[in-house]
Amino acid sequence: MLRGNQLDDSKETKERLLESALAEFSEKGYMKASLRKICAGAGVTTGALYFFFNDKEDLFAAIVEQPFNELKKLLLEHFAAEHEIPLSEMYKHIENGHDALSSALIHHLYTNRDPFMLLLTKAQDTRFERCVDEMADMIDKAFRSMARVMARQLPDKRVNSYMLHWLSHMIVDAFVHLITHEPNEKKAVKTMTRIMNFFVKSWVELVFENKEK
């Protein structure tokens, strides 16, 4: 059992390993990253690494998994709050909600920009390599639920599943492009607000089509 200074030393060693791993993964990607160099950068032996982490992927996960899970939680909480409201109020509700959601998502992404850059650009051959598709699937599921609510108030329309799926991916791609190309969080918020407003105002034209007579 670790005590006092041992706990402090253990925590410091783990933090040095994570810092060194972030630098190595960021430079070389998951597959080409060297555990030996990560340990050398942290000033420890490889044996010390295996005291904290099961393997290379476990080390990678220690950097990216918590921020990614928190991102998914933000989305789930937002869409769980969606409820059936009159169509006349729907657009304002969506626009206001997505403005708030966009700001929250961007703040989280930029607070954890280094881990998310790993997820988006360096996660090949890890269990996180489909993270973008996973997010798109989450949004697609939520949008389908929202579209079903709206469809009950548009009896002459039906949902175009392809366009709804396309829209889900376009929104995720917009966030991905933003975080990988725009380093400034305030500029990112302004840009995403314009993008989301465009999608909201185009929602019916994109997602719904006339029923065949």
# chains A, B, ... in the order shown; residues from 1 in each chain; ligands from 1
>>> residues_around(residues="Ile179 (chain A)", least_positions_apart="2", cutoff="9 Å", atoms="only C-alpha atoms", output="list in words")
Ile106, Leu109, Tyr110, Arg113, Phe116, Met117, Ala174, Phe175, Val176, His177, His181, Glu182, Pro183, Asn184, Glu185 and Ala188 of chain A
>>> select_by_dssp(residues="chain A", states="alpha helix (DSSP H)", output="PyMOL selection string")
chain A and resi 4-32+35-42+46-52+56-80+87-111+113-121+131-151+161-181+185-201+203-207
>>> closest_residue(among="A:Leu35, A:Ala80, A:Ala104, A:Ala61", to="Lys186 (chain A)", atoms="only C-alpha atoms")
A:Ala104
>>> closest_residue(among="A:Asp58, A:Glu70, A:Glu77, A:Asp156", to="Leu18 (chain A)", atoms="only C-alpha atoms")
A:Asp58
>>> select_by_dssp(residues="chain A", states="strand (DSSP E or B)", output="list in words")
Lys157, Arg158, Val159, Phe208, Glu209 and Asn210 of chain A
>>> closest_residue(among="A:Arg36, A:Leu74, A:Glu24, A:Asp114", to="Tyr50 (chain A)", atoms="only C-alpha atoms")
A:Arg36
>>> residues_around(residues="Asn210 (chain A)", least_positions_apart="2", cutoff="9 Å", atoms="only C-alpha atoms", output="list in words")
Asp156, Lys157, Arg158, Val159, Phe208, Glu212 and Lys213 of chain A
>>> write_last_selection(atoms="N, CA, C and O atoms", output="CSV table (one decimal), in the first residue's frame")
chain,number,residue,atom,x,y,z
A,156,ASP,N,-48.0,16.3,-44.7
A,156,ASP,CA,-47.7,16.1,-46.2
A,156,ASP,C,-46.2,15.9,-46.5
A,156,ASP,O,-45.8,15.8,-47.6
A,157,LYS,N,-45.4,15.7,-45.4
A,157,LYS,CA,-44.0,15.5,-45.6
A,157,LYS,C,-43.6,14.2,-45.0
A,157,LYS,O,-44.2,13.6,-44.2
A,158,ARG,N,-42.4,13.7,-45.5
A,158,ARG,CA,-41.8,12.5,-45.0
A,158,ARG,C,-40.3,12.8,-44.8
A,158,ARG,O,-39.7,13.6,-45.5
A,159,VAL,N,-39.7,12.0,-43.9
A,159,VAL,CA,-38.2,12.2,-43.7
A,159,VAL,C,-37.4,11.5,-44.8
A,159,VAL,O,-37.7,10.4,-45.2
A,208,PHE,N,-36.8,17.0,-44.9
A,208,PHE,CA,-38.1,16.5,-45.3
A,208,PHE,C,-38.3,16.7,-46.8
A,208,PHE,O,-37.8,17.6,-47.5
A,212,GLU,N,-45.2,11.2,-51.8
A,212,GLU,CA,-45.7,10.9,-53.2
A,212,GLU,C,-47.2,10.7,-53.1
A,212,GLU,O,-47.7,10.1,-52.2
A,213,LYS,N,-47.9,11.3,-54.1
A,213,LYS,CA,-49.3,11.2,-54.1
A,213,LYS,C,-49.8,10.0,-55.0
A,213,LYS,O,-49.1,9.6,-55.9
>>> residues_around(residues="Lys32 (chain A)", least_positions_apart="2", cutoff="12 Å", atoms="only C-alpha atoms", output="list in words")
Ala21, Glu24, Phe25, Ser26, Glu27, Lys28, Gly29, Tyr30, Ser34, Leu35, Arg36, Lys37, Ile38, Lys56, Lys122, Ala123, Gln124 and Asp125 of chain A
>>> closest_residue(among="A:Cys39, A:Asp137, A:Ser168, A:Lys190", to="Arg16 (chain A)", atoms="only C-alpha atoms")
A:Cys39
>>> residues_around(residues="His169 (chain A)", least_positions_apart="2", cutoff="9 Å", atoms="only C-alpha atoms", output="list in words")
Val132, Asp133, Met135, Ala136, Asp137, Ile139, Asp140, Leu164, His165, Trp166, Leu167, Ile171, Val172, Asp173 and Ala174 of chain A
>>> write_last_selection(atoms="C-alpha atoms", output="mmCIF file, in the first residue's frame")
data_model
loop_
_atom_site.group_PDB
_atom_site.id
_atom_site.type_symbol
_atom_site.label_atom_id
_atom_site.label_comp_id
_atom_site.auth_asym_id
_atom_site.auth_seq_id
_atom_site.Cartn_x
_atom_site.Cartn_y
_atom_site.Cartn_z
ATOM 1 C CA VAL A 132 -15.873 10.539 -35.754
ATOM 2 C CA ASP A 133 -18.297 7.909 -37.065
ATOM 3 C CA MET A 135 -20.279 10.848 -32.958
ATOM 4 C CA ALA A 136 -22.090 11.024 -36.295
ATOM 5 C CA ASP A 137 -24.125 7.935 -35.357
ATOM 6 C CA ILE A 139 -26.267 12.707 -33.760
ATOM 7 C CA ASP A 140 -28.018 10.730 -36.489
ATOM 8 C CA LEU A 164 -30.725 13.289 -42.421
ATOM 9 C CA HIS A 165 -27.718 10.958 -42.255
ATOM 10 C CA TRP A 166 -25.725 13.319 -44.494
ATOM 11 C CA LEU A 167 -26.594 16.263 -42.251
ATOM 12 C CA ILE A 171 -22.221 18.736 -38.615
ATOM 13 C CA VAL A 172 -19.584 16.443 -37.119
ATOM 14 C CA ASP A 173 -17.224 17.238 -39.985
ATOM 15 C CA ALA A 174 -17.746 20.952 -39.336
#
>>> atom_distance(atom1="CA of Thr111 (chain A)", atom2="CA of Phe51 (chain A)")
28.5 Å
>>> residues_around(residues="Ala42 (chain A)", least_positions_apart="5", cutoff="8 Å", atoms="only C-alpha atoms", output="PDB file with all heavy atoms, in the first residue's frame")
ATOM      1  N   THR A  13       4.909  10.608 -11.174  1.00  0.00           N
ATOM      2  CA  THR A  13       5.447   9.722 -12.211  1.00  0.00           C
ATOM      3  C   THR A  13       4.414   9.470 -13.298  1.00  0.00           C
ATOM      4  O   THR A  13       4.725   9.519 -14.496  1.00  0.00           O
ATOM      5  CB  THR A  13       5.886   8.381 -11.591  1.00  0.00           C
ATOM      6  OG1 THR A  13       6.905   8.614 -10.629  1.00  0.00           O
ATOM      7  CG2 THR A  13       6.422   7.438 -12.669  1.00  0.00           C
ATOM      8  N   ARG A  16       4.049  12.517 -15.485  1.00  0.00           N
ATOM      9  CA  ARG A  16       5.182  12.667 -16.412  1.00  0.00           C
ATOM     10  C   ARG A  16       5.044  11.702 -17.581  1.00  0.00           C
ATOM     11  O   ARG A  16       5.349  12.054 -18.727  1.00  0.00           O
ATOM     12  CB  ARG A  16       6.509  12.427 -15.684  1.00  0.00           C
ATOM     13  CG  ARG A  16       6.896  13.498 -14.692  1.00  0.00           C
ATOM     14  CD  ARG A  16       8.418  13.520 -14.459  1.00  0.00           C
ATOM     15  NE  ARG A  16       8.963  12.204 -14.192  1.00  0.00           N
ATOM     16  CZ  ARG A  16       9.078  11.657 -12.983  1.00  0.00           C
ATOM     17  NH1 ARG A  16       8.625  12.306 -11.915  1.00  0.00           N
ATOM     18  NH2 ARG A  16       9.622  10.450 -12.834  1.00  0.00           N
ATOM     19  N   LEU A  17       4.598  10.497 -17.303  1.00  0.00           N
ATOM     20  CA  LEU A  17       4.392   9.516 -18.368  1.00  0.00           C
ATOM     21  C   LEU A  17       3.316   9.994 -19.347  1.00  0.00           C
ATOM     22  O   LEU A  17       3.474   9.878 -20.566  1.00  0.00           O
ATOM     23  CB  LEU A  17       4.003   8.163 -17.779  1.00  0.00           C
ATOM     24  CG  LEU A  17       5.144   7.309 -17.234  1.00  0.00           C
ATOM     25  CD1 LEU A  17       4.603   6.171 -16.379  1.00  0.00           C
ATOM     26  CD2 LEU A  17       5.985   6.756 -18.383  1.00  0.00           C
ATOM     27  N   GLU A  19       2.374  13.086 -19.916  1.00  0.00           N
ATOM     28  CA  GLU A  19       2.881  14.251 -20.648  1.00  0.00           C
ATOM     29  C   GLU A  19       3.828  13.806 -21.754  1.00  0.00           C
ATOM     30  O   GLU A  19       3.755  14.301 -22.888  1.00  0.00           O
ATOM     31  CB  GLU A  19       3.591  15.186 -19.683  1.00  0.00           C
ATOM     32  CG  GLU A  19       4.091  16.473 -20.323  1.00  0.00           C
ATOM     33  CD  GLU A  19       4.731  17.413 -19.332  1.00  0.00           C
ATOM     34  OE1 GLU A  19       4.562  17.209 -18.113  1.00  0.00           O
ATOM     35  OE2 GLU A  19       5.425  18.360 -19.774  1.00  0.00           O
ATOM     36  N   SER A  20       4.710  12.870 -21.436  1.00  0.00           N
ATOM     37  CA  SER A  20       5.654  12.364 -22.438  1.00  0.00           C
ATOM     38  C   SER A  20       4.925  11.604 -23.540  1.00  0.00           C
ATOM     39  O   SER A  20       5.255  11.718 -24.724  1.00  0.00           O
ATOM     40  CB  SER A  20       6.689  11.459 -21.763  1.00  0.00           C
ATOM     41  OG  SER A  20       7.627  10.972 -22.698  1.00  0.00           O
TER      42      SER A  20
END
>>> decode(residues="region 63-79 of chain A", atoms="all heavy atoms", output="short mmCIF file (atom, residue, chain, number, x, y, z; two decimals), in the first residue's frame")
data_model
loop_
_atom_site.label_atom_id
_atom_site.label_comp_id
_atom_site.auth_asym_id
_atom_site.auth_seq_id
_atom_site.Cartn_x
_atom_site.Cartn_y
_atom_site.Cartn_z
N ILE A 63 -5.18 9.20 -22.02
CA ILE A 63 -5.13 10.59 -22.47
C ILE A 63 -6.45 11.03 -23.10
O ILE A 63 -6.94 12.13 -22.85
CB ILE A 63 -3.99 10.78 -23.50
CG1 ILE A 63 -2.64 10.45 -22.86
CG2 ILE A 63 -3.99 12.22 -24.05
CD1 ILE A 63 -1.49 10.43 -23.85
N VAL A 64 -7.07 10.16 -23.89
CA VAL A 64 -8.20 10.59 -24.73
C VAL A 64 -9.57 10.14 -24.25
O VAL A 64 -10.59 10.76 -24.60
CB VAL A 64 -8.01 10.10 -26.18
CG1 VAL A 64 -6.68 10.59 -26.74
CG2 VAL A 64 -8.10 8.58 -26.28
N GLU A 65 -9.64 9.08 -23.46
CA GLU A 65 -10.95 8.47 -23.20
C GLU A 65 -11.87 9.35 -22.36
O GLU A 65 -13.06 9.50 -22.67
CB GLU A 65 -10.79 7.11 -22.53
CG GLU A 65 -12.08 6.31 -22.44
CD GLU A 65 -11.85 4.84 -22.20
OE1 GLU A 65 -10.87 4.49 -21.50
OE2 GLU A 65 -12.64 4.02 -22.71
N GLN A 66 -11.37 9.93 -21.29
CA GLN A 66 -12.23 10.74 -20.45
C GLN A 66 -12.78 11.97 -21.18
O GLN A 66 -13.99 12.23 -21.13
CB GLN A 66 -11.50 11.17 -19.17
CG GLN A 66 -12.40 11.97 -18.21
CD GLN A 66 -11.71 12.29 -16.90
OE1 GLN A 66 -10.71 11.67 -16.54
NE2 GLN A 66 -12.23 13.26 -16.18
N PRO A 67 -11.94 12.75 -21.89
CA PRO A 67 -12.51 13.87 -22.64
C PRO A 67 -13.54 13.44 -23.68
O PRO A 67 -14.55 14.11 -23.89
CB PRO A 67 -11.28 14.51 -23.31
CG PRO A 67 -10.14 14.11 -22.46
CD PRO A 67 -10.47 12.74 -21.96
N PHE A 68 -13.29 12.29 -24.33
CA PHE A 68 -14.23 11.79 -25.33
C PHE A 68 -15.55 11.39 -24.69
O PHE A 68 -16.63 11.71 -25.20
CB PHE A 68 -13.61 10.62 -26.08
CG PHE A 68 -14.43 10.11 -27.23
CD1 PHE A 68 -15.01 10.97 -28.14
CD2 PHE A 68 -14.62 8.74 -27.42
CE1 PHE A 68 -15.77 10.51 -29.21
CE2 PHE A 68 -15.37 8.26 -28.47
CZ PHE A 68 -15.95 9.14 -29.37
N ASN A 69 -15.49 10.70 -23.57
CA ASN A 69 -16.71 10.30 -22.87
C ASN A 69 -17.50 11.51 -22.38
O ASN A 69 -18.74 11.52 -22.41
CB ASN A 69 -16.39 9.39 -21.69
CG ASN A 69 -16.01 7.99 -22.12
OD1 ASN A 69 -16.30 7.57 -23.25
ND2 ASN A 69 -15.34 7.25 -21.26
N GLU A 70 -16.80 12.54 -21.93
CA GLU A 70 -17.47 13.76 -21.48
C GLU A 70 -18.15 14.47 -22.65
O GLU A 70 -19.22 15.07 -22.49
CB GLU A 70 -16.47 14.68 -20.79
CG GLU A 70 -16.02 14.15 -19.43
CD GLU A 70 -14.90 14.98 -18.81
OE1 GLU A 70 -14.43 15.93 -19.47
OE2 GLU A 70 -14.49 14.67 -17.68
N LEU A 71 -17.53 14.42 -23.82
CA LEU A 71 -18.15 15.00 -25.01
C LEU A 71 -19.46 14.28 -25.35
O LEU A 71 -20.48 14.91 -25.62
CB LEU A 71 -17.19 14.91 -26.19
CG LEU A 71 -17.68 15.46 -27.52
CD1 LEU A 71 -17.83 16.98 -27.46
CD2 LEU A 71 -16.74 15.08 -28.66
N LYS A 72 -19.43 12.96 -25.30
CA LYS A 72 -20.63 12.18 -25.57
C LYS A 72 -21.71 12.47 -24.53
O LYS A 72 -22.90 12.55 -24.86
CB LYS A 72 -20.30 10.69 -25.60
CG LYS A 72 -19.46 10.29 -26.81
CD LYS A 72 -19.29 8.78 -26.92
CE LYS A 72 -18.34 8.23 -25.91
NZ LYS A 72 -18.07 6.79 -26.12
N LYS A 73 -21.30 12.65 -23.29
CA LYS A 73 -22.27 12.96 -22.23
C LYS A 73 -22.96 14.29 -22.48
O LYS A 73 -24.17 14.43 -22.29
CB LYS A 73 -21.56 12.98 -20.87
CG LYS A 73 -22.49 13.22 -19.69
CD LYS A 73 -21.71 13.23 -18.37
CE LYS A 73 -22.65 13.53 -17.21
NZ LYS A 73 -21.92 13.61 -15.92
N LEU A 74 -22.18 15.29 -22.92
CA LEU A 74 -22.77 16.59 -23.25
C LEU A 74 -23.85 16.46 -24.32
O LEU A 74 -24.93 17.06 -24.22
CB LEU A 74 -21.69 17.55 -23.75
CG LEU A 74 -20.81 18.24 -22.71
CD1 LEU A 74 -19.67 18.99 -23.40
CD2 LEU A 74 -21.63 19.20 -21.86
N LEU A 75 -23.56 15.66 -25.35
CA LEU A 75 -24.53 15.46 -26.42
C LEU A 75 -25.77 14.73 -25.92
O LEU A 75 -26.91 15.12 -26.23
CB LEU A 75 -23.89 14.67 -27.56
CG LEU A 75 -23.01 15.44 -28.53
CD1 LEU A 75 -22.33 14.49 -29.49
CD2 LEU A 75 -23.82 16.47 -29.31
N LEU A 76 -25.57 13.68 -25.16
CA LEU A 76 -26.70 12.89 -24.66
C LEU A 76 -27.60 13.72 -23.76
O LEU A 76 -28.83 13.64 -23.84
CB LEU A 76 -26.19 11.66 -23.91
CG LEU A 76 -25.55 10.57 -24.76
CD1 LEU A 76 -24.91 9.50 -23.88
CD2 LEU A 76 -26.59 9.92 -25.68
N GLU A 77 -27.00 14.54 -22.91
CA GLU A 77 -27.79 15.38 -22.01
C GLU A 77 -28.59 16.41 -22.80
O GLU A 77 -29.74 16.71 -22.47
CB GLU A 77 -26.89 16.07 -21.00
CG GLU A 77 -26.33 15.13 -19.95
CD GLU A 77 -25.34 15.81 -19.02
OE1 GLU A 77 -24.91 16.95 -19.33
OE2 GLU A 77 -24.99 15.21 -17.98
N HIS A 78 -27.99 16.95 -23.84
CA HIS A 78 -28.69 17.95 -24.66
C HIS A 78 -29.89 17.32 -25.37
O HIS A 78 -31.00 17.85 -25.30
CB HIS A 78 -27.75 18.55 -25.69
CG HIS A 78 -28.45 19.41 -26.70
ND1 HIS A 78 -28.84 20.70 -26.43
CD2 HIS A 78 -28.84 19.16 -27.98
CE1 HIS A 78 -29.44 21.22 -27.49
NE2 HIS A 78 -29.45 20.31 -28.44
N PHE A 79 -29.67 16.21 -26.03
CA PHE A 79 -30.75 15.62 -26.81
C PHE A 79 -31.81 14.96 -25.93
O PHE A 79 -32.97 14.84 -26.32
CB PHE A 79 -30.19 14.60 -27.81
CG PHE A 79 -29.46 15.25 -28.96
CD1 PHE A 79 -28.12 14.99 -29.20
CD2 PHE A 79 -30.13 16.14 -29.79
CE1 PHE A 79 -27.45 15.60 -30.25
CE2 PHE A 79 -29.46 16.76 -30.84
CZ PHE A 79 -28.13 16.48 -31.08
#
